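Shown below: query33.pdb, with PDB, C-alpha atoms and all ligand atoms.
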```pdb
ATOM      1  CA  MET J  24       0.000   0.000   0.000  1.00  0.00           C
ATOM      2  CA  MET J  25       1.427   3.291  -1.115  1.00  0.00           C
ATOM      3  CA  ALA J  26       1.711   6.090   1.441  1.00  0.00           C
ATOM      4  CA  MET J  27      -0.535   9.046   0.748  1.00  0.00           C
ATOM      5  CA  PRO J  28       1.782  11.990   0.131  1.00  0.00           C
ATOM      6  CA  LEU J  29      -0.905  14.642   0.134  1.00  0.00           C
ATOM      7  CA  GLN J  30      -2.769  15.506   3.295  1.00  0.00           C
ATOM      8  CA  SER J  31      -5.054  17.929   1.555  1.00  0.00           C
ATOM      9  CA  HIS J  32      -7.539  17.908   4.414  1.00  0.00           C
ATOM     10  CA  LEU J  33      -4.811  19.262   6.714  1.00  0.00           C
ATOM     11  CA  PHE J  34      -3.366  22.049   4.595  1.00  0.00           C
ATOM     12  CA  ARG J  35      -3.682  23.569   1.168  1.00  0.00           C
ATOM     13  CA  VAL J  36      -1.635  21.800  -1.496  1.00  0.00           C
ATOM     14  CA  SER J  37      -0.395  23.971  -4.346  1.00  0.00           C
ATOM     15  CA  GLU J  38      -1.162  22.869  -7.884  1.00  0.00           C
ATOM     16  CA  SER J  39       2.536  22.527  -8.648  1.00  0.00           C
ATOM     17  CA  ALA J  40       3.183  20.263  -5.618  1.00  0.00           C
ATOM     18  CA  PHE J  41       0.098  18.258  -6.546  1.00  0.00           C
ATOM     19  CA  GLN J  42       1.239  17.985 -10.160  1.00  0.00           C
ATOM     20  CA  SER J  43       4.661  16.705  -9.051  1.00  0.00           C
ATOM     21  CA  ALA J  44       2.989  14.055  -6.887  1.00  0.00           C
ATOM     22  CA  VAL J  45       0.714  12.904  -9.729  1.00  0.00           C
ATOM     23  CA  ILE J  46       3.623  12.780 -12.211  1.00  0.00           C
ATOM     24  CA  ASP J  47       5.724  10.835  -9.707  1.00  0.00           C
ATOM     25  CA  LEU J  48       2.987   8.279  -9.046  1.00  0.00           C
ATOM     26  CA  ALA J  49       2.095   7.924 -12.738  1.00  0.00           C
ATOM     27  CA  THR J  50       5.726   7.424 -13.705  1.00  0.00           C
ATOM     28  CA  ARG J  51       6.223   4.809 -10.995  1.00  0.00           C
ATOM     29  CA  CYS J  52       3.096   3.033 -12.253  1.00  0.00           C
ATOM     30  CA  GLY J  53       4.486   2.821 -15.779  1.00  0.00           C
ATOM     31  CA  TRP J  54       2.623   5.647 -17.493  1.00  0.00           C
ATOM     32  CA  ARG J  55       4.262   7.875 -20.073  1.00  0.00           C
ATOM     33  CA  VAL J  56       3.594  11.427 -18.938  1.00  0.00           C
ATOM     34  CA  PHE J  57       3.209  14.383 -21.264  1.00  0.00           C
ATOM     35  CA  HIS J  58       3.004  17.886 -19.877  1.00  0.00           C
ATOM     36  CA  VAL J  59       3.041  21.180 -21.661  1.00  0.00           C
ATOM     37  CA  SER J  60       3.276  24.469 -19.817  1.00  0.00           C
ATOM     38  CA  ASP J  61       1.304  27.454 -20.894  1.00  0.00           C
ATOM     39  CA  SER J  62       4.358  29.657 -21.331  1.00  0.00           C
ATOM     40  CA  ARG J  63       2.518  32.577 -22.874  1.00  0.00           C
ATOM     41  CA  MET J  64       3.780  35.867 -21.549  1.00  0.00           C
ATOM     42  CA  PHE J  65       2.859  39.426 -22.225  1.00  0.00           C
ATOM     43  CA  VAL J  66       5.973  41.423 -22.965  1.00  0.00           C
ATOM     44  CA  GLY J  67       4.809  44.989 -22.906  1.00  0.00           C
ATOM     45  CA  ARG J  68       2.287  46.958 -24.977  1.00  0.00           C
ATOM     46  CA  GLY J  69       0.030  43.910 -25.313  1.00  0.00           C
ATOM     47  CA  ALA J  70       2.630  41.920 -27.274  1.00  0.00           C
ATOM     48  CA  MET J  71       2.600  38.239 -26.385  1.00  0.00           C
ATOM     49  CA  ILE J  72       5.215  35.536 -26.764  1.00  0.00           C
ATOM     50  CA  GLY J  73       4.528  31.806 -26.535  1.00  0.00           C
ATOM     51  CA  ASP J  74       2.068  29.560 -28.349  1.00  0.00           C
ATOM     52  CA  PRO J  75      -1.579  30.635 -27.998  1.00  0.00           C
ATOM     53  CA  LEU J  76      -2.779  27.152 -29.000  1.00  0.00           C
ATOM     54  CA  VAL J  77      -1.509  25.768 -25.686  1.00  0.00           C
ATOM     55  CA  ARG J  78      -4.159  27.756 -23.853  1.00  0.00           C
ATOM     56  CA  GLY J  79      -6.599  25.602 -21.897  1.00  0.00           C
ATOM     57  CA  TRP J  80      -5.078  22.227 -22.839  1.00  0.00           C
ATOM     58  CA  PRO J  81      -5.173  19.793 -19.864  1.00  0.00           C
ATOM     59  CA  ASP J  82      -2.082  19.742 -17.666  1.00  0.00           C
ATOM     60  CA  LEU J  83      -1.262  16.082 -18.190  1.00  0.00           C
ATOM     61  CA  VAL J  84      -1.689  13.453 -20.861  1.00  0.00           C
ATOM     62  CA  LEU J  85      -1.000  10.011 -19.394  1.00  0.00           C
ATOM     63  CA  VAL J  86      -0.373   7.217 -21.881  1.00  0.00           C
ATOM     64  CA  GLY J  87      -0.129   3.555 -20.974  1.00  0.00           C
ATOM     65  CA  HIS J  88      -1.855   0.338 -19.951  1.00  0.00           C
ATOM     66  CA  GLY J  89      -4.135   0.578 -22.996  1.00  0.00           C
ATOM     67  CA  HIS J  90      -5.389   4.042 -22.037  1.00  0.00           C
ATOM     68  CA  ILE J  91      -4.870   7.698 -22.842  1.00  0.00           C
ATOM     69  CA  LEU J  92      -5.941   9.946 -19.957  1.00  0.00           C
ATOM     70  CA  TYR J  93      -6.330  13.711 -20.155  1.00  0.00           C
ATOM     71  CA  ARG J  94      -6.206  15.315 -16.725  1.00  0.00           C
ATOM     72  CA  GLU J  95      -6.614  18.915 -15.708  1.00  0.00           C
ATOM     73  CA  LEU J  96      -5.097  19.464 -12.262  1.00  0.00           C
ATOM     74  CA  LYS J  97      -6.472  22.028  -9.855  1.00  0.00           C
ATOM     75  CA  ALA J  98      -5.887  23.008  -6.261  1.00  0.00           C
ATOM     76  CA  ASP J  99      -8.825  21.959  -4.074  1.00  0.00           C
ATOM     77  CA  ASP J 100     -10.453  25.368  -4.207  1.00  0.00           C
ATOM     78  CA  ASN J 101      -9.872  26.112  -7.905  1.00  0.00           C
ATOM     79  CA  TYR J 102     -12.018  25.491 -10.975  1.00  0.00           C
ATOM     80  CA  PRO J 103     -11.191  25.148 -14.677  1.00  0.00           C
ATOM     81  CA  SER J 104     -11.273  28.337 -16.711  1.00  0.00           C
ATOM     82  CA  LYS J 105     -13.668  28.796 -19.594  1.00  0.00           C
ATOM     83  CA  VAL J 106     -11.053  27.776 -22.175  1.00  0.00           C
ATOM     84  CA  GLN J 107     -10.088  24.742 -20.082  1.00  0.00           C
ATOM     85  CA  ARG J 108     -13.757  23.722 -19.892  1.00  0.00           C
ATOM     86  CA  GLN J 109     -14.015  24.025 -23.666  1.00  0.00           C
ATOM     87  CA  TRP J 110     -11.101  21.596 -24.109  1.00  0.00           C
ATOM     88  CA  ILE J 111     -12.580  19.225 -21.507  1.00  0.00           C
ATOM     89  CA  THR J 112     -15.909  19.218 -23.356  1.00  0.00           C
ATOM     90  CA  ALA J 113     -14.250  18.731 -26.755  1.00  0.00           C
ATOM     91  CA  LEU J 114     -12.194  15.803 -25.461  1.00  0.00           C
ATOM     92  CA  GLU J 115     -15.258  14.226 -23.804  1.00  0.00           C
ATOM     93  CA  GLU J 116     -17.378  14.631 -26.923  1.00  0.00           C
ATOM     94  CA  ASN J 117     -14.729  12.885 -28.975  1.00  0.00           C
ATOM     95  CA  GLY J 118     -14.235   9.860 -26.776  1.00  0.00           C
ATOM     96  CA  GLY J 119     -11.399  11.136 -24.598  1.00  0.00           C
ATOM     97  CA  ASP J 120     -10.990   9.954 -21.013  1.00  0.00           C
ATOM     98  CA  VAL J 121     -10.879  13.363 -19.386  1.00  0.00           C
ATOM     99  CA  ALA J 122     -11.292  14.545 -15.807  1.00  0.00           C
ATOM    100  CA  VAL J 123     -10.315  17.239 -13.349  1.00  0.00           C
ATOM    101  CA  TRP J 124      -8.186  15.966 -10.480  1.00  0.00           C
ATOM    102  CA  ARG J 125      -7.684  17.754  -7.177  1.00  0.00           C
ATOM    103  CA  PRO J 126      -5.577  16.857  -4.122  1.00  0.00           C
ATOM    104  CA  ARG J 127      -8.730  15.750  -2.281  1.00  0.00           C
ATOM    105  CA  ASP J 128      -9.260  13.110  -5.026  1.00  0.00           C
ATOM    106  CA  TRP J 129      -5.981  11.383  -4.135  1.00  0.00           C
ATOM    107  CA  GLU J 130      -7.504   7.980  -3.298  1.00  0.00           C
ATOM    108  CA  GLU J 131      -9.320   7.919  -6.631  1.00  0.00           C
ATOM    109  CA  ILE J 132      -6.175   9.063  -8.455  1.00  0.00           C
ATOM    110  CA  GLU J 133      -4.149   6.297  -6.857  1.00  0.00           C
ATOM    111  CA  ALA J 134      -6.820   3.738  -7.819  1.00  0.00           C
ATOM    112  CA  CYS J 135      -6.865   5.042 -11.399  1.00  0.00           C
ATOM    113  CA  LEU J 136      -3.112   4.973 -11.859  1.00  0.00           C
ATOM    114  CA  THR J 137      -2.150   1.779 -10.107  1.00  0.00           C
ATOM    115  CA  ALA J 138      -1.682  -1.302 -12.197  1.00  0.00           C
ATOM    116  CA  ASP J 139      -3.939  -3.453  -9.986  1.00  0.00           C
ATOM    117  CA  ARG J 140      -7.076  -1.814 -11.227  1.00  0.00           C
ATOM    118  CA  LEU J 141      -5.782  -1.296 -14.747  1.00  0.00           C
ATOM    119  CA  SER J 142      -5.019  -4.938 -15.334  1.00  0.00           C
ATOM    120  CA  THR J 143      -8.743  -5.633 -15.704  1.00  0.00           C
ATOM    121  CA  ALA J 144      -9.347  -2.616 -17.934  1.00  0.00           C
ATOM    122  CA  VAL J 145      -6.604  -3.064 -20.533  1.00  0.00           C
ATOM    123  CA  ARG J 146      -7.895  -3.655 -24.007  1.00  0.00           C
ATOM    124  CA  PRO J 147      -7.360  -7.176 -25.326  1.00  0.00           C
ATOM    125  CA  ALA J 148      -4.687  -7.495 -27.991  1.00  0.00           C
ATOM    126  CA  THR J 149      -6.031  -7.538 -31.516  1.00  0.00           C
ATOM    127  CA  GLY J 150      -4.871  -9.330 -34.672  1.00  0.00           C
TER
HETATM  128 MG    MG E 201      -4.219  23.083 -13.977  1.00  0.00          MG
END
```
Do you think you could lay out the structure here as structure tokens?
Ligand SMILES: [Mg+2]
Amino acid sequence: MMAMPLQSHLFRVSESAFQSAVIDLATRCGWRVFHVSDSRMFVGRGAMIGDPLVRGWPDLVLVGHGHILYRELKADDNYPSKVQRQWITALEENGGDVAVWRPRDWEEIEACLTADRLSTAVRPATG
């Protein structure tokens, strides 16, 4: 049984600490983890650098065990922005496995990422 690293009921966990914990667990459970930062920055007089298409894309794409998971991470008291909700809806409508994860969901996250549960959900090999 893995120790629970996040005591979110005791103190507020930042999104970046939470993200590190999710990436660590996912990696240890054999997932390939993709993350892209929204690095857009305004650099004076309304000029922006960075890729605007990154805006709203879920924090993590987890690939493995016959699944592709799209996960937006939020601190316990935060909600997805409008653009994030648009991506979540688009992914859902097109068959994506998408969800918002918060520190308080840690038990569910652990269950989702651990191989025990996945072994029954992996698609059978074809051909
Ligand atoms: Mg986020």
Exercise answer, 9 Å around ligand MG 201 (chain E) with all atoms listed in the file, as a PyMOL selection string: chain J and resi 38-39+42+79-83+94-98+101-103+107+123-124
Shell around Leu136 (chain J) at 10 Å using only C-alpha atoms, local window under 2 positions removed, as a list in words: Val45, Leu48, Ala49, Thr50, Arg51, Cys52, Gly53, Trp54, Leu85, Gly87, His88, Leu92, Glu131, Ile132, Glu133, Ala134, Ala138, Asp139, Arg140 and Leu141 of chain J
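CA of Gly69 (chain J) lies 28.0 Å from CA of Ile111 (chain J).
Among the candidates J:Asp120, J:Gly73, J:Asp100, J:Ser60, the one nearest to Arg35 (chain J) when counting all atoms listed in the file is J:Asp100.
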Output as lines of an AutoDock Vina configuration file the centre and edge lengths (Å, one decimal) of the box along x, y and z of the file that holds every listed atom of region 44-48 of chain J after adding 8 Å on each side.
```
center_x = 3.2
center_y = 11.2
center_z = -9.5
size_x = 21.0
size_y = 21.8
size_z = 21.3
```
Among listed residues J:Asp99, J:Asp47, J:Arg55, J:Ile91, nearest Asp128 (chain J) (using all atoms listed in the file):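 Closest to Asp128 (chain J), using all atoms listed in the file: J:Asp99.
Take CA of Trp129 (chain J) and CA of Leu76 (chain J): the distance between them is 29.6 Å.
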Of the listed residues J:Ala113, J:Ala122, J:Ala44, J:Val106, that which approaches Pro75 (chain J) most closely, counting all atoms listed in the file: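 Between J:Ala113, J:Ala122, J:Ala44, J:Val106, the residue approaching Pro75 (chain J) most closely is J:Val106.
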Atomic separation - CA of Arg127 (chain J) relative to CA of Val77 (chain J), Å: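 One can read the CA of Val77 (chain J) to CA of Arg127 (chain J) distance as 26.5 Å.
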